[in-house]
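Engineer: One file is attached below, structure.tsv, containing TSV, C-alpha atoms and all ligand atoms.
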chain	number	residue	atom	x	y	z
A	184	MET	CA	89.96	-3.59	-24.94
A	185	THR	CA	90.02	-6.47	-27.39
A	186	GLN	CA	88.24	-6.22	-30.75
A	187	PRO	CA	84.67	-7.61	-30.81
A	188	ILE	CA	84.46	-11.02	-32.45
A	189	GLN	CA	83.72	-10.51	-36.13
A	190	PRO	CA	81.01	-12.34	-38.10
A	191	ARG	CA	81.69	-14.03	-41.44
A	192	ALA	CA	82.57	-11.90	-44.48
A	193	GLY	CA	79.52	-10.20	-45.95
A	194	ILE	CA	77.38	-10.12	-42.81
A	195	LEU	CA	78.16	-6.49	-41.93
A	196	GLU	CA	77.22	-5.48	-45.51
A	197	ILE	CA	73.63	-6.38	-44.65
A	198	ALA	CA	71.45	-3.46	-43.63
A	199	PRO	CA	68.76	-4.85	-41.31
A	200	TYR	CA	65.42	-5.25	-43.14
A	201	GLN	CA	63.35	-2.06	-42.97
A	202	GLY	CA	59.65	-2.61	-42.36
A	203	GLY	CA	56.95	-0.03	-42.98
A	204	ALA	CA	57.04	3.28	-41.10
A	205	SER	CA	54.51	4.25	-38.49
A	206	ALA	CA	52.25	7.31	-38.43
A	207	ALA	CA	53.39	10.73	-37.26
A	208	ALA	CA	52.90	11.20	-33.51
A	209	GLY	CA	49.41	12.30	-32.57
A	210	VAL	CA	47.69	11.13	-35.78
A	211	ALA	CA	44.42	9.38	-34.98
A	212	SER	CA	43.52	6.09	-36.73
A	213	PRO	CA	46.43	5.81	-39.18
A	214	VAL	CA	45.86	3.74	-42.33
A	215	LYS	CA	48.69	1.34	-43.12
A	216	LEU	CA	49.25	0.90	-46.84
A	217	SER	CA	52.95	0.05	-46.63
A	218	SER	CA	53.20	-3.75	-46.39
A	219	ASN	CA	50.82	-5.12	-49.05
A	220	GLU	CA	48.58	-6.70	-46.44
A	221	ASN	CA	45.08	-7.95	-47.15
A	222	PRO	CA	42.49	-5.26	-46.23
A	223	HIS	CA	39.85	-7.99	-45.76
A	224	GLY	CA	41.74	-9.24	-42.69
A	225	PRO	CA	42.31	-12.94	-42.08
A	226	PRO	CA	39.83	-15.48	-43.49
A	227	PRO	CA	37.23	-16.19	-40.73
A	228	ALA	CA	37.84	-19.94	-41.13
A	229	ALA	CA	41.52	-19.39	-40.30
A	230	VAL	CA	40.67	-17.42	-37.14
A	231	GLU	CA	38.39	-20.28	-36.07
A	232	ALA	CA	41.15	-22.81	-36.77
A	233	VAL	CA	43.60	-20.85	-34.57
A	234	ARG	CA	41.06	-20.88	-31.73
A	235	ALA	CA	40.57	-24.63	-32.11
A	236	ALA	CA	44.34	-25.19	-32.15
A	237	ALA	CA	44.77	-23.49	-28.75
A	238	ALA	CA	43.89	-26.63	-26.80
A	239	GLY	CA	46.92	-28.42	-28.24
A	240	LEU	CA	49.55	-25.75	-27.55
A	241	HIS	CA	51.42	-27.93	-25.02
A	242	ARG	CA	52.32	-30.34	-27.85
A	243	TYR	CA	55.01	-29.83	-30.46
A	244	PRO	CA	53.55	-29.26	-33.93
A	245	PRO	CA	53.82	-31.94	-36.60
A	246	THR	CA	57.22	-31.72	-38.26
A	247	ASP	CA	56.22	-33.00	-41.71
A	248	HIS	CA	53.37	-30.49	-42.31
A	249	ALA	CA	51.50	-33.33	-44.05
A	250	ALA	CA	47.98	-31.90	-43.63
A	251	LEU	CA	48.95	-28.43	-44.85
A	252	ARG	CA	50.94	-29.83	-47.78
A	253	ALA	CA	47.97	-31.99	-48.80
A	254	ALA	CA	45.66	-28.93	-48.67
A	255	ILE	CA	48.13	-26.87	-50.73
A	256	GLY	CA	48.41	-29.74	-53.21
A	257	ALA	CA	44.63	-29.93	-53.62
A	258	ALA	CA	44.13	-26.15	-53.91
A	259	HIS	CA	47.01	-25.45	-56.30
A	260	GLY	CA	47.14	-28.69	-58.27
A	261	VAL	CA	50.70	-29.49	-57.15
A	262	ASP	CA	52.32	-32.65	-55.76
A	263	PRO	CA	52.25	-32.41	-51.91
A	264	ALA	CA	55.38	-34.57	-51.69
A	265	ARG	CA	57.40	-31.74	-53.28
A	266	VAL	CA	55.94	-28.87	-51.23
A	267	VAL	CA	58.19	-27.52	-48.44
A	268	CYS	CA	56.68	-25.14	-45.88
A	269	GLY	CA	58.54	-22.33	-44.14
A	270	VAL	CA	58.18	-19.39	-41.78
A	271	GLY	CA	56.99	-17.10	-44.56
A	272	SER	CA	58.43	-17.43	-48.03
A	273	ASP	CA	61.35	-15.50	-46.49
A	274	GLU	CA	62.43	-18.74	-44.85
A	275	ILE	CA	62.25	-20.67	-48.13
A	276	ILE	CA	64.45	-17.97	-49.72
A	277	ALA	CA	66.89	-18.38	-46.80
A	278	PHE	CA	66.87	-22.20	-47.12
A	279	LEU	CA	67.65	-21.92	-50.84
A	280	CYS	CA	70.61	-19.63	-50.15
A	281	GLN	CA	71.90	-21.80	-47.27
A	282	ALA	CA	71.67	-24.96	-49.35
A	283	TYR	CA	72.75	-23.79	-52.81
A	284	ALA	CA	74.76	-20.57	-52.40
A	285	GLY	CA	77.44	-19.91	-49.74
A	286	PRO	CA	81.01	-18.58	-50.07
A	287	GLY	CA	82.23	-18.38	-53.67
A	288	ALA	CA	78.73	-18.54	-55.14
A	289	GLU	CA	76.88	-15.74	-56.92
A	290	VAL	CA	73.19	-15.04	-56.45
A	291	ILE	CA	71.44	-12.97	-59.10
A	292	HIS	CA	68.61	-10.59	-58.26
A	293	THR	CA	67.18	-7.68	-60.19
A	294	GLU	CA	67.67	-3.97	-59.59
A	295	HIS	CA	64.10	-3.50	-58.33
A	296	GLY	CA	63.83	-6.97	-56.77
A	297	PHE	CA	62.70	-7.93	-53.25
A	298	SER	CA	65.40	-7.05	-50.67
A	299	MET	CA	65.48	-10.46	-48.96
A	300	TYR	CA	67.24	-12.05	-51.95
A	301	ARG	CA	70.34	-9.94	-51.33
A	302	ILE	CA	70.11	-10.26	-47.55
A	303	SER	CA	69.82	-14.07	-47.65
A	304	ALA	CA	72.61	-14.34	-50.23
A	305	LEU	CA	74.97	-12.30	-48.03
A	306	ALA	CA	73.90	-14.20	-44.90
A	307	SER	CA	74.94	-17.44	-46.63
A	308	GLY	CA	78.36	-15.98	-47.50
A	309	ALA	CA	77.55	-15.67	-51.22
A	310	THR	CA	77.98	-12.64	-53.47
A	311	PRO	CA	74.76	-10.96	-54.63
A	312	VAL	CA	74.81	-9.79	-58.26
A	313	GLU	CA	72.34	-7.03	-59.10
A	314	VAL	CA	71.05	-6.95	-62.68
A	315	PRO	CA	69.59	-3.71	-64.10
A	316	GLU	CA	65.98	-3.63	-65.25
A	317	ARG	CA	64.58	-1.90	-68.32
A	318	GLU	CA	61.83	0.67	-67.66
A	319	ARG	CA	61.07	-1.05	-64.33
A	320	THR	CA	60.60	-4.40	-66.12
A	321	THR	CA	62.76	-7.50	-65.65
A	322	ASP	CA	65.28	-7.83	-68.47
A	323	VAL	CA	65.81	-11.53	-69.24
A	324	ASP	CA	68.72	-10.85	-71.61
A	325	ALA	CA	70.52	-8.83	-68.92
A	326	ILE	CA	70.08	-11.70	-66.43
A	327	LEU	CA	71.38	-14.25	-68.94
A	328	ALA	CA	74.37	-11.99	-69.67
A	329	ALA	CA	75.14	-11.69	-65.92
A	330	ALA	CA	74.99	-15.44	-65.26
A	331	SER	CA	78.39	-17.10	-64.83
A	332	GLU	CA	79.87	-20.44	-63.82
A	333	ARG	CA	79.57	-19.20	-60.20
A	334	THR	CA	75.82	-18.43	-60.40
A	335	ARG	CA	73.85	-20.82	-58.19
A	336	LEU	CA	70.52	-19.00	-57.76
A	337	VAL	CA	68.54	-16.49	-59.83
A	338	PHE	CA	65.62	-14.81	-58.05
A	339	VAL	CA	62.78	-13.17	-59.98
A	340	ALA	CA	59.34	-12.32	-58.63
A	341	ASN	CA	56.28	-12.55	-60.86
A	342	PRO	CA	54.46	-10.20	-60.35
A	343	ASN	CA	57.42	-8.22	-59.05
A	344	ASN	CA	57.51	-6.22	-55.83
A	345	PRO	CA	57.72	-3.17	-55.78
A	346	THR	CA	57.09	-2.56	-59.51
A	347	GLY	CA	53.94	-4.71	-59.89
A	348	THR	CA	55.06	-5.72	-63.40
A	349	MET	CA	54.96	-9.24	-64.87
A	350	ILE	CA	57.42	-11.17	-66.99
A	351	PRO	CA	55.53	-12.93	-69.81
A	352	GLU	CA	55.40	-16.74	-69.50
A	353	ALA	CA	57.50	-17.28	-72.65
A	354	GLU	CA	60.23	-14.99	-71.27
A	355	VAL	CA	60.33	-16.90	-67.98
A	356	ALA	CA	60.67	-20.16	-69.93
A	357	ARG	CA	63.47	-18.62	-72.03
A	358	LEU	CA	65.27	-17.58	-68.83
A	359	ALA	CA	64.98	-21.07	-67.33
A	360	ALA	CA	66.28	-22.66	-70.53
A	361	GLY	CA	69.18	-20.23	-70.93
A	362	LEU	CA	70.76	-20.41	-67.46
A	363	PRO	CA	74.00	-22.29	-66.85
A	364	GLU	CA	73.61	-25.91	-65.71
A	365	GLN	CA	74.51	-25.34	-62.03
A	366	ALA	CA	72.00	-22.47	-61.51
A	367	LEU	CA	68.47	-22.75	-60.10
A	368	LEU	CA	65.79	-20.27	-61.16
A	369	VAL	CA	63.57	-19.22	-58.25
A	370	LEU	CA	60.16	-17.87	-59.27
A	371	ASP	CA	58.76	-15.88	-56.37
A	372	GLY	CA	54.97	-15.97	-56.59
A	373	ALA	CA	54.15	-14.00	-53.43
A	374	TYR	CA	51.54	-12.05	-55.46
A	375	ALA	CA	50.62	-14.79	-57.97
A	376	GLU	CA	47.07	-15.24	-56.64
A	377	TYR	CA	46.21	-11.69	-57.62
A	378	VAL	CA	46.60	-12.67	-61.29
A	379	GLU	CA	43.49	-14.51	-62.47
A	380	GLY	CA	44.36	-17.98	-63.77
A	381	PHE	CA	48.13	-17.68	-63.11
A	382	ASP	CA	49.87	-20.75	-61.63
A	383	GLY	CA	52.90	-18.82	-60.33
A	384	GLY	CA	55.23	-20.95	-62.46
A	385	ALA	CA	54.03	-24.39	-61.26
A	386	ALA	CA	53.86	-25.76	-64.82
A	387	LEU	CA	57.47	-24.70	-65.45
A	388	VAL	CA	58.52	-26.45	-62.22
A	389	GLU	CA	56.97	-29.64	-63.65
A	390	ALA	CA	58.63	-29.18	-67.02
A	391	ARG	CA	62.20	-28.53	-65.85
A	392	SER	CA	64.66	-29.66	-63.19
A	393	ASN	CA	66.14	-26.19	-62.54
A	394	VAL	CA	63.05	-24.22	-61.48
A	395	VAL	CA	61.66	-23.64	-57.96
A	396	MET	CA	58.57	-21.63	-57.04
A	397	THR	CA	57.95	-19.84	-53.73
A	398	ARG	CA	54.52	-18.78	-52.44
A	399	THR	CA	53.11	-17.12	-49.34
A	400	PHE	CA	50.12	-16.96	-47.03
A	401	SER	CA	50.97	-13.35	-46.13
A	402	LYS	CA	49.22	-11.60	-49.03
A	403	ILE	CA	45.91	-12.78	-50.51
A	404	TYR	CA	45.44	-15.35	-47.71
A	405	GLY	CA	45.59	-12.57	-45.11
A	406	LEU	CA	47.91	-14.36	-42.66
A	407	GLY	CA	51.04	-12.16	-42.59
A	408	GLY	CA	51.04	-12.26	-38.79
A	409	LEU	CA	51.35	-16.03	-38.66
A	410	ARG	CA	54.32	-16.32	-41.07
A	411	VAL	CA	53.63	-19.20	-43.46
A	412	GLY	CA	55.07	-19.70	-46.93
A	413	TRP	CA	55.98	-22.62	-49.13
A	414	GLY	CA	58.31	-23.70	-51.87
A	415	TYR	CA	57.67	-26.12	-54.74
A	416	GLY	CA	60.32	-27.76	-56.82
A	417	PRO	CA	61.60	-30.98	-58.30
A	418	ASP	CA	62.25	-33.96	-55.97
A	419	HIS	CA	65.92	-33.17	-55.59
A	420	VAL	CA	65.25	-29.57	-54.45
A	421	ALA	CA	62.45	-30.52	-52.02
A	422	ASP	CA	64.79	-33.13	-50.53
A	423	VAL	CA	67.59	-30.57	-50.07
A	424	LEU	CA	65.27	-27.94	-48.52
A	425	ASN	CA	63.95	-30.49	-46.03
A	426	ARG	CA	67.52	-31.22	-44.94
A	427	VAL	CA	68.18	-27.60	-43.93
A	428	ARG	CA	64.68	-27.00	-42.51
A	429	GLY	CA	64.38	-27.15	-38.72
A	430	PRO	CA	62.07	-29.87	-37.36
A	431	PHE	CA	59.32	-27.66	-35.91
A	432	ASN	CA	59.62	-24.51	-38.01
A	433	LEU	CA	55.86	-23.85	-38.21
A	434	SER	CA	53.71	-23.46	-35.11
A	435	THR	CA	50.47	-25.40	-34.55
A	436	PRO	CA	48.22	-22.30	-34.96
A	437	ALA	CA	50.06	-21.25	-38.12
A	438	LEU	CA	49.64	-24.70	-39.68
A	439	ALA	CA	45.94	-24.84	-38.76
A	440	ALA	CA	45.20	-21.34	-40.07
A	441	ALA	CA	47.05	-21.86	-43.35
A	442	GLU	CA	45.23	-25.13	-43.98
A	443	ALA	CA	41.86	-23.43	-43.42
A	444	ALA	CA	42.85	-20.43	-45.57
A	445	VAL	CA	44.06	-22.40	-48.58
A	446	THR	CA	40.83	-24.37	-48.59
A	447	ASP	CA	38.64	-21.21	-48.59
A	448	THR	CA	38.56	-20.47	-52.32
A	449	VAL	CA	35.49	-18.23	-51.95
A	450	PHE	CA	37.50	-15.83	-49.74
A	451	VAL	CA	40.43	-15.79	-52.16
A	452	ASP	CA	38.22	-15.15	-55.20
A	453	ARG	CA	36.49	-12.25	-53.44
A	454	CYS	CA	39.85	-10.73	-52.43
A	455	ARG	CA	41.16	-11.04	-56.01
A	456	ARG	CA	38.07	-9.35	-57.49
A	457	ASP	CA	38.00	-6.54	-54.91
A	458	ASN	CA	41.71	-5.96	-55.35
A	459	ALA	CA	41.37	-5.57	-59.13
A	460	ARG	CA	38.54	-3.05	-58.74
A	461	LEU	CA	40.22	-0.97	-56.04
A	462	ARG	CA	43.64	-1.12	-57.72
A	463	ALA	CA	42.02	0.49	-60.79
A	464	LEU	CA	40.33	3.09	-58.60
A	465	LEU	CA	43.67	3.91	-56.96
A	466	ALA	CA	45.71	4.03	-60.19
A	467	GLU	CA	43.09	6.07	-62.06
A	468	GLY	CA	42.61	8.42	-59.13
A	469	LEU	CA	46.35	9.06	-58.90
A	470	ALA	CA	46.58	9.54	-62.68
A	471	ALA	CA	43.82	12.17	-62.48
A	472	HIS	CA	46.15	14.12	-60.19
A	473	GLY	CA	49.08	13.72	-62.60
A	474	VAL	CA	50.76	10.82	-60.75
A	475	ALA	CA	51.55	7.99	-63.17
A	476	SER	CA	51.98	4.28	-62.46
A	477	ASP	CA	52.77	1.22	-64.56
A	478	PRO	CA	49.93	-1.31	-64.86
A	479	SER	CA	50.14	-3.36	-61.64
A	480	HIS	CA	49.34	-7.07	-61.44
A	481	ALA	CA	49.61	-7.20	-57.65
A	482	ASN	CA	47.94	-5.64	-54.58
A	483	PHE	CA	49.83	-2.37	-54.73
A	484	VAL	CA	50.49	0.49	-57.12
A	485	LEU	CA	53.90	2.06	-57.70
A	486	ALA	CA	53.15	5.77	-57.87
A	487	ARG	CA	55.70	7.75	-59.86
A	488	PHE	CA	56.36	11.40	-58.97
A	489	ALA	CA	58.33	14.07	-60.83
A	490	ASP	CA	61.48	13.35	-58.84
A	491	ALA	CA	62.81	11.99	-55.54
A	492	GLU	CA	62.18	15.29	-53.79
A	493	GLU	CA	58.48	15.32	-54.70
A	494	ALA	CA	58.12	11.67	-53.66
A	495	ARG	CA	59.73	12.43	-50.28
A	496	ALA	CA	57.53	15.48	-49.75
A	497	CYS	CA	54.38	13.55	-50.67
A	498	ASP	CA	55.36	10.71	-48.31
A	499	ALA	CA	55.76	13.23	-45.46
A	500	PHE	CA	52.44	14.88	-46.33
A	501	LEU	CA	50.61	11.53	-46.40
A	502	LYS	CA	52.20	10.54	-43.10
A	503	SER	CA	50.98	13.77	-41.50
A	504	GLU	CA	47.49	12.76	-42.66
A	505	GLY	CA	47.84	9.31	-41.09
A	506	LEU	CA	48.37	7.56	-44.43
A	507	ILE	CA	51.40	5.25	-44.32
A	508	VAL	CA	52.80	4.26	-47.71
A	509	ARG	CA	56.20	2.78	-48.62
A	510	PRO	CA	59.13	4.84	-49.95
A	511	VAL	CA	61.17	2.63	-52.26
A	512	ALA	CA	64.44	4.56	-52.59
A	513	GLY	CA	66.16	1.43	-51.27
A	514	TYR	CA	64.91	-0.36	-54.40
A	515	ASN	CA	66.56	2.26	-56.61
A	516	LEU	CA	63.20	3.95	-57.20
A	517	PRO	CA	63.60	7.21	-55.23
A	518	GLU	CA	60.96	9.02	-57.33
A	519	CYS	CA	58.32	6.43	-56.44
A	520	LEU	CA	56.06	5.50	-53.52
A	521	ARG	CA	54.52	2.05	-53.28
A	522	ILE	CA	50.90	2.20	-52.13
A	523	SER	CA	49.11	-0.99	-51.09
A	524	VAL	CA	45.54	-1.47	-52.25
A	525	GLY	CA	43.56	-0.97	-49.05
A	526	ASP	CA	39.80	-1.05	-48.56
A	527	GLU	CA	37.68	1.38	-50.57
A	528	SER	CA	37.75	4.17	-48.00
A	529	ALA	CA	41.57	3.92	-47.68
A	530	CYS	CA	42.01	4.04	-51.47
A	531	ARG	CA	39.74	7.07	-51.74
A	532	ARG	CA	41.50	8.81	-48.81
A	533	VAL	CA	44.94	8.38	-50.33
A	534	VAL	CA	43.81	9.58	-53.78
A	535	GLU	CA	42.16	12.62	-52.23
A	536	ALA	CA	45.23	13.40	-50.11
A	537	VAL	CA	47.60	13.10	-53.08
A	538	GLY	CA	45.25	15.47	-54.94
A	539	ARG	CA	45.53	18.04	-52.14
A	540	PHE	CA	49.30	17.58	-51.99
A	541	ARG	CA	49.64	18.17	-55.73
A	542	ALA	CA	47.30	21.20	-55.65
A	543	ARG	CA	49.27	22.69	-52.76
A	544	ALA	CA	52.58	22.14	-54.52
A	545	ALA	CA	51.35	23.60	-57.86
A	601	LIG	N1	58.61	-12.19	-51.92
A	601	LIG	C1	58.11	-11.00	-52.23
A	601	LIG	C2	58.22	-10.53	-53.64
A	601	LIG	C3	57.53	-10.18	-51.23
A	601	LIG	O1	57.07	-8.98	-51.55
A	601	LIG	C4	57.47	-10.68	-49.91
A	601	LIG	C5	56.87	-9.87	-48.77
A	601	LIG	N2	56.96	-8.54	-48.81
A	601	LIG	C6	58.01	-11.93	-49.65
A	601	LIG	C7	58.56	-12.67	-50.66
A	601	LIG	C8	58.05	-12.50	-48.27
A	601	LIG	O2	56.83	-12.75	-47.78
A	601	LIG	P1	56.59	-13.69	-46.52
A	601	LIG	O3	57.90	-13.99	-45.88
A	601	LIG	O4	55.66	-12.93	-45.66
A	601	LIG	O5	55.98	-14.94	-47.11
Take the structure in the file and give it back as structure tokens.

Structural biologist:
Amino acid sequence: MTQPIQPRAGILEIAPYQGGASAAAGVASPVKLSSNENPHGPPPAAVEAVRAAAAGLHRYPPTDHAALRAAIGAAHGVDPARVVCGVGSDEIIAFLCQAYAGPGAEVIHTEHGFSMYRISALASGATPVEVPERERTTDVDAILAAASERTRLVFVANPNNPTGTMIPEAEVARLAAGLPEQALLVLDGAYAEYVEGFDGGAALVEARSNVVMTRTFSKIYGLGGLRVGWGYGPDHVADVLNRVRGPFNLSTPALAAAEAAVTDTVFVDRCRRDNARLRALLAEGLAAHGVASDPSHANFVLARFADAEEARACDAFLKSEGLIVRPVAGYNLPECLRISVGDESACRRVVEAVGRFRARAA
């Protein structure tokens, strides 16, 4: 038999993306706290917009996303002409790698950074470069030291997933200013809306020509199932991203729902307030059972156990109780479990279950 046709170098180094696990067989009404989804569900206005869009499903969607970009511009105070929409922010990350990385290029991501940076870098033929973090916090000096004449993209998330930590504004500005000329800094703001008053890096995009911001509708906007994200950068970057973007990448219902969601500031404000309250309940409840976490700025808590073995055992125990959380060994945090902030009853259930697990193990 002949050898199977091989893909480009790097592709077989990619482990397919691992989503959240499901409940143990036979567990009734499992609670999913593994994908940082919005426990409020989708905004009602977005559900209505999807219904209204159904009558036009025989038509192709608009290719320029003008209405959604205008709504994003109004809600976030950004220039709609430089907003580029994608199938989740994952697609914006992929566009950036396709357009700026490729064979011979290096793409920097951090040790505990979101896995799609590495996957998209490899898919483009580029070499991912992992930079260590310090105490689960992004180390700007380490990134600057790792940057070379081959670096084309540097990905950092603020707040970061799965650590929940934030890089101070001045440090982000220092990173942008210190990178080599040919490198773009990508500020991933998937969780930016959870931080009161934070612009996700929009002001830095305005101030510099080497900074791009990515955002999503999957988290606070409650539309993970529709897959909508966006990027914001200088003219030259928006132009490049639109060249690699397919003509009809977003569906009609997705465009309609996102436009309704971004306009509903009351929903977003309520989700931000509830998240802050329940995140504190979760973190304090875990701490009362001897499980520490760093202060989180996002919609999840990174629970730290004594070691990898305890984290694995607790994950299995929670799963047997129908509580699905996210092991993060793949993010070099084997002693941790990432727990999304659910509704109040989910937060209380997980705290209570961790308490029973710890009491049983003691
Ligand atoms: N960036 C970060 C930091 C994330 O955590 C996620 C989702 N887990 C994404 C980007 C991608 O989100 P989406 O493609 O749903 O917009």

Engineer: When you count only C-alpha atoms, which of these residues is closest to Glu231 of chain A: A:Pro436, A:Gly468, A:Pro342, A:Gly513?

Structural biologist: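 Answer, going by the shortest atom-to-atom distance: A:Pro436.
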
Engineer: Please give me, as number ranges by chain, the residues lying within 10 Å of ligand LIG 601 (chain A) when counting only C-alpha atoms and all ligand atoms.

Structural biologist: A: 202, 217-220, 269-276, 296-300, 338-347, 370-375, 397-402, 406-413, 481

Engineer: Calculate how many Å separate atom CA of Ala257 of chain A from atom CA of Arg453 of chain A, rounding to one decimal.

Structural biologist: 19.5 Å

Engineer: Please compute the atom CA of Arg509 of chain A-atom CA of Leu336 of chain A distance, one decimal, in Å.

Structural biologist: 27.6 Å

Engineer: Point out the residue among A:Arg426, A:Arg532, A:Arg301, A:Lys502 with the least atom-to-atom distance to Ala198 of chain A, counting only C-alpha atoms.

Structural biologist: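 Of all the options, A:Arg301 lies closest to Ala198 of chain A.
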
Engineer: Using all atoms listed in the file, which of A:Arg541, A:Arg456, A:Arg252, A:His259 sits nearest Ala470 of chain A?

Structural biologist: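 Nearest candidate to Ala470 of chain A out of A:Arg541, A:Arg456, A:Arg252, A:His259: A:Arg541.
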
Engineer: Please compute the atom CA of Gln201 of chain A-atom CA of Cys497 of chain A distance, one decimal, in Å.

Structural biologist: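 Distance reported for this atom pair: 19.6 Å.
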
Engineer: May I ask which of the residues A:Val427, A:Ala486, A:Ala463, A:Ala330 is the closest one to Ala277 of chain A, counting all atoms listed in the file?

Structural biologist: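 Using all atoms listed in the file, Ala277 of chain A sits closest to A:Val427.
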
Engineer: Determine, counting all atoms listed in the file, which protein, DNA and RNA residues have an atom within 12 Å of an atom of Glu493 of chain A; residues of the same chain fewer than 5 positions away are not included. Present the result as a list in words.

Structural biologist: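 Listing them by chain and then by number gives Val474, Ala486, Arg487, Phe488, Asp498, Ala499, Phe500, Pro510, Pro517, Glu518, Cys519, Leu520, Val537, Phe540, Arg541, Arg543, Ala544 and Ala545 of chain A.
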